[in-house]
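Have a look at data_15.pdb; it's PDB, N, CA and C atoms:
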ATOM      1  N   SER A 843       0.834  -1.184   0.000
ATOM      2  CA  SER A 843       0.000   0.000   0.000
ATOM      3  C   SER A 843       0.883   1.253   0.000
ATOM      4  N   LEU A 844       0.279   2.369  -0.352
ATOM      5  CA  LEU A 844       1.000   3.631  -0.411
ATOM      6  C   LEU A 844       1.539   4.032   0.955
ATOM      7  N   THR A 845       0.735   3.865   1.993
ATOM      8  CA  THR A 845       1.168   4.220   3.344
ATOM      9  C   THR A 845       2.338   3.363   3.778
ATOM     10  N   ARG A 846       2.281   2.091   3.515
ATOM     11  CA  ARG A 846       3.366   1.183   3.897
ATOM     12  C   ARG A 846       4.664   1.567   3.171
ATOM     13  N   THR A 847       4.563   1.910   1.902
ATOM     14  CA  THR A 847       5.729   2.327   1.128
ATOM     15  C   THR A 847       6.315   3.612   1.689
ATOM     16  N   ARG A 848       5.440   4.560   2.013
ATOM     17  CA  ARG A 848       5.886   5.838   2.573
ATOM     18  C   ARG A 848       6.566   5.616   3.922
ATOM     19  N   HIS A 849       5.970   4.822   4.781
ATOM     20  CA  HIS A 849       6.563   4.533   6.087
ATOM     21  C   HIS A 849       7.916   3.852   5.930
ATOM     22  N   SER A 850       7.995   2.919   5.008
ATOM     23  CA  SER A 850       9.254   2.210   4.768
ATOM     24  C   SER A 850      10.345   3.179   4.320
ATOM     25  N   ARG A 851       9.982   4.100   3.437
ATOM     26  CA  ARG A 851      10.952   5.083   2.947
ATOM     27  C   ARG A 851      11.444   5.966   4.097
ATOM     28  N   HIS A 852      10.529   6.449   4.930
ATOM     29  CA  HIS A 852      10.915   7.318   6.049
ATOM     30  C   HIS A 852      11.722   6.554   7.099
ATOM     31  N   LEU A 853      11.337   5.302   7.366
ATOM     32  CA  LEU A 853      12.112   4.505   8.325
ATOM     33  C   LEU A 853      13.511   4.223   7.791
ATOM     34  N   GLY A 854      13.627   3.982   6.486
ATOM     35  CA  GLY A 854      14.939   3.775   5.886
ATOM     36  C   GLY A 854      15.808   5.008   5.998
ATOM     37  N   ALA A 855      15.223   6.187   5.759
ATOM     38  CA  ALA A 855      15.972   7.437   5.880
ATOM     39  C   ALA A 855      16.378   7.687   7.333
ATOM     40  N   CYS A 856      15.499   7.345   8.263
ATOM     41  CA  CYS A 856      15.807   7.483   9.687
ATOM     42  C   CYS A 856      16.957   6.564  10.070
ATOM     43  N   ALA A 857      16.885   5.317   9.640
ATOM     44  CA  ALA A 857      17.937   4.347   9.951
ATOM     45  C   ALA A 857      19.272   4.780   9.349
ATOM     46  N   ALA A 858      19.244   5.333   8.141
ATOM     47  CA  ALA A 858      20.480   5.796   7.502
ATOM     48  C   ALA A 858      21.087   6.952   8.284
ATOM     49  N   ALA A 859      20.248   7.879   8.747
ATOM     50  CA  ALA A 859      20.747   9.011   9.534
ATOM     51  C   ALA A 859      21.335   8.535  10.858
ATOM     52  N   LEU A 860      20.670   7.575  11.494
ATOM     53  CA  LEU A 860      21.206   7.043  12.755
ATOM     54  C   LEU A 860      22.505   6.287  12.524
ATOM     55  N   SER A 861      22.622   5.620  11.404
ATOM     56  CA  SER A 861      23.854   4.931  11.064
ATOM     57  C   SER A 861      24.987   5.940  10.858
ATOM     58  N   ARG A 862      24.682   7.031  10.130
ATOM     59  CA  ARG A 862      25.694   8.083   9.940
ATOM     60  C   ARG A 862      26.079   8.694  11.272
ATOM     61  N   PHE A 863      25.099   8.880  12.162
ATOM     62  CA  PHE A 863      25.375   9.404  13.499
ATOM     63  C   PHE A 863      26.350   8.476  14.228
ATOM     64  N   GLY A 864      26.097   7.178  14.149
ATOM     65  CA  GLY A 864      26.945   6.200  14.825
ATOM     66  C   GLY A 864      28.365   6.181  14.292
ATOM     67  N   ARG A 865      28.516   6.458  13.000
ATOM     68  CA  ARG A 865      29.844   6.489  12.380
ATOM     69  C   ARG A 865      30.500   7.856  12.477
ATOM     70  N   GLY A 866      29.723   8.885  12.846
ATOM     71  CA  GLY A 866      30.246  10.239  12.850
ATOM     72  C   GLY A 866      30.408  10.779  11.441
ATOM     73  N   ASP A 867      29.530  10.355  10.537
ATOM     74  CA  ASP A 867      29.603  10.672   9.117
ATOM     75  C   ASP A 867      28.528  11.697   8.771
ATOM     76  N   SER A 868      28.890  12.707   7.996
ATOM     77  CA  SER A 868      27.918  13.737   7.622
ATOM     78  C   SER A 868      26.996  13.278   6.509
ATOM     79  N   GLY A 869      27.412  12.255   5.755
ATOM     80  CA  GLY A 869      26.592  11.769   4.657
ATOM     81  C   GLY A 869      26.778  12.537   3.373
ATOM     82  N   ASP A 870      27.681  13.549   3.360
ATOM     83  CA  ASP A 870      27.847  14.330   2.137
ATOM     84  C   ASP A 870      28.995  13.835   1.268
ATOM     85  N   ASN A 871      29.744  12.816   1.743
ATOM     86  CA  ASN A 871      30.823  12.179   0.986
ATOM     87  C   ASN A 871      31.931  13.123   0.562
ATOM     88  N   SER A 872      32.012  14.327   1.147
ATOM     89  CA  SER A 872      33.069  15.248   0.752
ATOM     90  C   SER A 872      34.381  14.922   1.443
ATOM     91  N   GLY A 873      34.295  14.283   2.613
ATOM     92  CA  GLY A 873      35.500  13.938   3.348
ATOM     93  C   GLY A 873      36.185  15.127   3.981
ATOM     94  N   ASP A 874      35.583  16.318   3.903
ATOM     95  CA  ASP A 874      36.193  17.527   4.432
ATOM     96  C   ASP A 874      35.347  18.057   5.568
ATOM     97  N   SER A 875      35.867  17.958   6.791
ATOM     98  CA  SER A 875      35.122  18.477   7.929
ATOM     99  C   SER A 875      35.629  19.848   8.335
ATOM    100  N   GLY A 876      36.559  20.424   7.557
ATOM    101  CA  GLY A 876      37.077  21.748   7.875
ATOM    102  C   GLY A 876      37.951  21.706   9.104
ATOM    103  N   ASP A 877      38.103  22.857   9.745
ATOM    104  CA  ASP A 877      38.961  22.971  10.926
ATOM    105  C   ASP A 877      38.140  23.106  12.197
ATOM    106  N   LEU A 878      36.937  22.564  12.206
ATOM    107  CA  LEU A 878      36.071  22.721  13.364
ATOM    108  C   LEU A 878      36.379  21.736  14.479
ATOM    109  N   GLY A 879      37.077  20.658  14.191
ATOM    110  CA  GLY A 879      37.438  19.684  15.210
ATOM    111  C   GLY A 879      36.223  19.097  15.884
ATOM    112  N   ASP A 880      36.258  19.047  17.229
ATOM    113  CA  ASP A 880      35.174  18.452  17.997
ATOM    114  C   ASP A 880      33.856  19.194  17.803
ATOM    115  N   LEU A 881      33.917  20.515  17.637
ATOM    116  CA  LEU A 881      32.701  21.291  17.425
ATOM    117  C   LEU A 881      32.021  20.869  16.134
ATOM    118  N   GLY A 882      32.805  20.633  15.073
ATOM    119  CA  GLY A 882      32.248  20.162  13.815
ATOM    120  C   GLY A 882      31.639  18.788  13.959
ATOM    121  N   ASP A 883      32.316  17.919  14.713
ATOM    122  CA  ASP A 883      31.789  16.579  14.950
ATOM    123  C   ASP A 883      30.447  16.651  15.675
ATOM    124  N   LEU A 884      30.347  17.535  16.633
ATOM    125  CA  LEU A 884      29.107  17.698  17.386
ATOM    126  C   LEU A 884      27.990  18.220  16.482
ATOM    127  N   ALA A 885      28.324  19.161  15.620
ATOM    128  CA  ALA A 885      27.330  19.707  14.700
ATOM    129  C   ALA A 885      26.837  18.635  13.727
ATOM    130  N   VAL A 886      27.754  17.811  13.239
ATOM    131  CA  VAL A 886      27.381  16.721  12.323
ATOM    132  C   VAL A 886      26.490  15.724  13.044
ATOM    133  N   ALA A 887      26.857  15.368  14.269
ATOM    134  CA  ALA A 887      26.058  14.413  15.046
ATOM    135  C   ALA A 887      24.658  14.972  15.297
ATOM    136  N   ALA A 888      24.584  16.249  15.677
ATOM    137  CA  ALA A 888      23.288  16.867  15.944
ATOM    138  C   ALA A 888      22.423  16.897  14.690
ATOM    139  N   GLU A 889      23.033  17.189  13.549
ATOM    140  CA  GLU A 889      22.276  17.222  12.289
ATOM    141  C   GLU A 889      21.716  15.851  11.950
ATOM    142  N   GLN A 890      22.499  14.801  12.155
ATOM    143  CA  GLN A 890      22.014  13.457  11.841
ATOM    144  C   GLN A 890      20.866  13.061  12.764
ATOM    145  N   LEU A 891      20.945  13.428  14.025
ATOM    146  CA  LEU A 891      19.832  13.149  14.941
ATOM    147  C   LEU A 891      18.594  13.950  14.556
ATOM    148  N   ARG A 892      18.790  15.193  14.098
ATOM    149  CA  ARG A 892      17.665  16.018  13.661
ATOM    150  C   ARG A 892      16.980  15.397  12.441
ATOM    151  N   VAL A 893      17.785  14.893  11.511
ATOM    152  CA  VAL A 893      17.233  14.244  10.316
ATOM    153  C   VAL A 893      16.436  13.003  10.721
ATOM    154  N   ALA A 894      16.993  12.197  11.627
ATOM    155  CA  ALA A 894      16.294  10.987  12.075
ATOM    156  C   ALA A 894      14.969  11.340  12.744
ATOM    157  N   ARG A 895      14.971  12.363  13.582
ATOM    158  CA  ARG A 895      13.746  12.795  14.265
ATOM    159  C   ARG A 895      12.711  13.296  13.260
ATOM    160  N   ARG A 896      13.165  14.047  12.269
ATOM    161  CA  ARG A 896      12.247  14.562  11.253
ATOM    162  C   ARG A 896      11.590  13.427  10.479
ATOM    163  N   GLU A 897      12.368  12.415  10.118
ATOM    164  CA  GLU A 897      11.814  11.284   9.369
ATOM    165  C   GLU A 897      10.789  10.527  10.194
ATOM    166  N   LEU A 898      11.061  10.321  11.477
ATOM    167  CA  LEU A 898      10.066   9.670  12.339
ATOM    168  C   LEU A 898       8.828  10.535  12.493
ATOM    169  N   GLY A 899       9.035  11.841  12.592
ATOM    170  CA  GLY A 899       7.915  12.767  12.710
ATOM    171  C   GLY A 899       7.004  12.740  11.503
ATOM    172  N   ARG A 900       7.565  12.468  10.347
ATOM    173  CA  ARG A 900       6.753  12.387   9.131
ATOM    174  C   ARG A 900       5.834  11.171   9.169
ATOM    175  N   ILE A 901       6.211  10.161   9.923
ATOM    176  CA  ILE A 901       5.363   8.977  10.076
ATOM    177  C   ILE A 901       4.321   9.202  11.158
ATOM    178  N   THR A 902       4.757   9.758  12.281
ATOM    179  CA  THR A 902       3.872   9.888  13.437
ATOM    180  C   THR A 902       2.992  11.136  13.395
ATOM    181  N   GLY A 903       3.339  12.081  12.527
ATOM    182  CA  GLY A 903       2.569  13.312  12.452
ATOM    183  C   GLY A 903       3.074  14.403  13.371
ATOM    184  N   HIS A 904       4.149  14.154  14.082
ATOM    185  CA  HIS A 904       4.736  15.184  14.936
ATOM    186  C   HIS A 904       5.568  16.121  14.069
ATOM    187  N   VAL A 905       5.209  17.382  14.112
ATOM    188  CA  VAL A 905       5.899  18.378  13.307
ATOM    189  C   VAL A 905       6.712  19.255  14.242
ATOM    190  N   GLY A 906       7.992  19.422  13.911
ATOM    191  CA  GLY A 906       8.872  20.263  14.715
ATOM    192  C   GLY A 906       8.670  21.740  14.410
ATOM    193  N   ALA A 907       9.322  22.583  15.180
ATOM    194  CA  ALA A 907       9.194  24.034  15.027
ATOM    195  C   ALA A 907       9.611  24.488  13.635
ATOM    196  N   GLU A 908      10.699  23.941  13.123
ATOM    197  CA  GLU A 908      11.189  24.338  11.811
ATOM    198  C   GLU A 908      10.159  24.027  10.720
ATOM    199  N   GLU A 909       9.587  22.832  10.764
ATOM    200  CA  GLU A 909       8.585  22.461   9.786
ATOM    201  C   GLU A 909       7.317  23.298   9.965
ATOM    202  N   GLY A 910       6.977  23.598  11.205
ATOM    203  CA  GLY A 910       5.800  24.432  11.478
ATOM    204  C   GLY A 910       5.948  25.821  10.887
ATOM    205  N   LEU A 911       7.125  26.405  11.043
ATOM    206  CA  LEU A 911       7.368  27.726  10.466
ATOM    207  C   LEU A 911       7.324  27.674   8.943
ATOM    208  N   ASP A 912       7.848  26.592   8.369
ATOM    209  CA  ASP A 912       7.774  26.437   6.912
ATOM    210  C   ASP A 912       6.322  26.410   6.444
ATOM    211  N   ILE A 913       5.473  25.711   7.187
ATOM    212  CA  ILE A 913       4.056  25.625   6.825
ATOM    213  C   ILE A 913       3.394  27.004   6.935
ATOM    214  N   ILE A 914       3.680  27.722   8.005
ATOM    215  CA  ILE A 914       3.067  29.032   8.237
ATOM    216  C   ILE A 914       3.473  30.033   7.167
ATOM    217  N   PHE A 915       4.776  30.080   6.833
ATOM    218  CA  PHE A 915       5.275  31.109   5.940
ATOM    219  C   PHE A 915       5.396  30.680   4.477
ATOM    220  N   ARG A 916       4.952  29.496   4.152
ATOM    221  CA  ARG A 916       5.056  28.989   2.787
ATOM    222  C   ARG A 916       4.376  29.899   1.769
ATOM    223  N   ASP A 917       3.254  30.486   2.124
ATOM    224  CA  ASP A 917       2.464  31.273   1.174
ATOM    225  C   ASP A 917       2.819  32.761   1.149
ATOM    226  N   PHE A 918       3.778  33.191   1.936
ATOM    227  CA  PHE A 918       4.133  34.615   1.945
ATOM    228  C   PHE A 918       5.158  34.936   0.903
TER     229      PHE A 918
END
How does the structure come out when it is put into structure tokens?
Amino acid sequence: SLTRTRHSRHLGACAAALSRFGRGDSGDNSGDSGDLGDLGDLAVAAEQLRVARRELGRITGHVGAEEGLDIIFRDF
């Protein structure tokens, strides 16, 4: 069914983000983390967790602040 396919896609994206989080990988394949050191690693980890949360939210219907603002200001 369409819903099952959509859920599978979002769960796959969530799992991929969590996997990148576990590896400390940004997922952009550039191999360049700049000179940020630990701060850059923390930012990459936080981004991967944010992506995973967003993908789960798309299944459960929980919308974060960022997505809410996008919805509100989309038509302006």
Around all of stretch 883-895 of chain A's listed atoms, make the axis-aligned box with 4 Å on each side and tell me centre and edge lengths in Å to one decimal, as AutoDock Vina command-line options.
--center_x 22.5 --center_y 15.3 --center_z 13.9 --size_x 27.6 --size_y 16.7 --size_z 15.1
Worksheet item: In terms of the shortest atom-to-atom distance over only C-alpha atoms, which of A:Arg865, A:Arg900, A:Arg916, A:Arg892 is closest to A:Leu853?
Response: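 Comparing A:Arg865, A:Arg900, A:Arg916, A:Arg892 against A:Leu853, the winner is A:Arg900.
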Item to complete: Given the file shown, enumerate the residues that the PyMOL selection byres (((chain A and resi 889 and name CA) around 12) and name CA) captures and present them as a PyMOL selection string.
Response: chain A and resi 856+859-860+862-863+866-870+882-888+890-896
Worksheet entry | Spatial neighbours of A:Thr845, 10 Å, only C-alpha atoms, chain gap at least 5 places, as number ranges by chain | A: 850-851, 901
Practice prompt. Going by DSSP on the backbone, which bits of chain A are helix (DSSP H, G or I)? Write them as number ranges by chain, please.
Written response: A: 844-865, 880-902, 907-915
Fill in: Å distance separating atom N of A:Gly903 from atom C of A:Ser861, one decimal place
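Between atom N of A:Gly903 and atom C of A:Ser861 the gap is 22.6 Å.
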Discussion item. Between atom CA of A:Arg848 and atom CA of A:Glu908, what distance in Å does the model show, to one decimal?
Written reply: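 Result for atom CA of A:Arg848 versus atom CA of A:Glu908: 21.3 Å, one decimal.
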Worksheet item: Which value, in Å to one decimal, gives the distance between atom CA of A:Glu897 and atom CA of A:Ala857?
Response: 9.3 Å
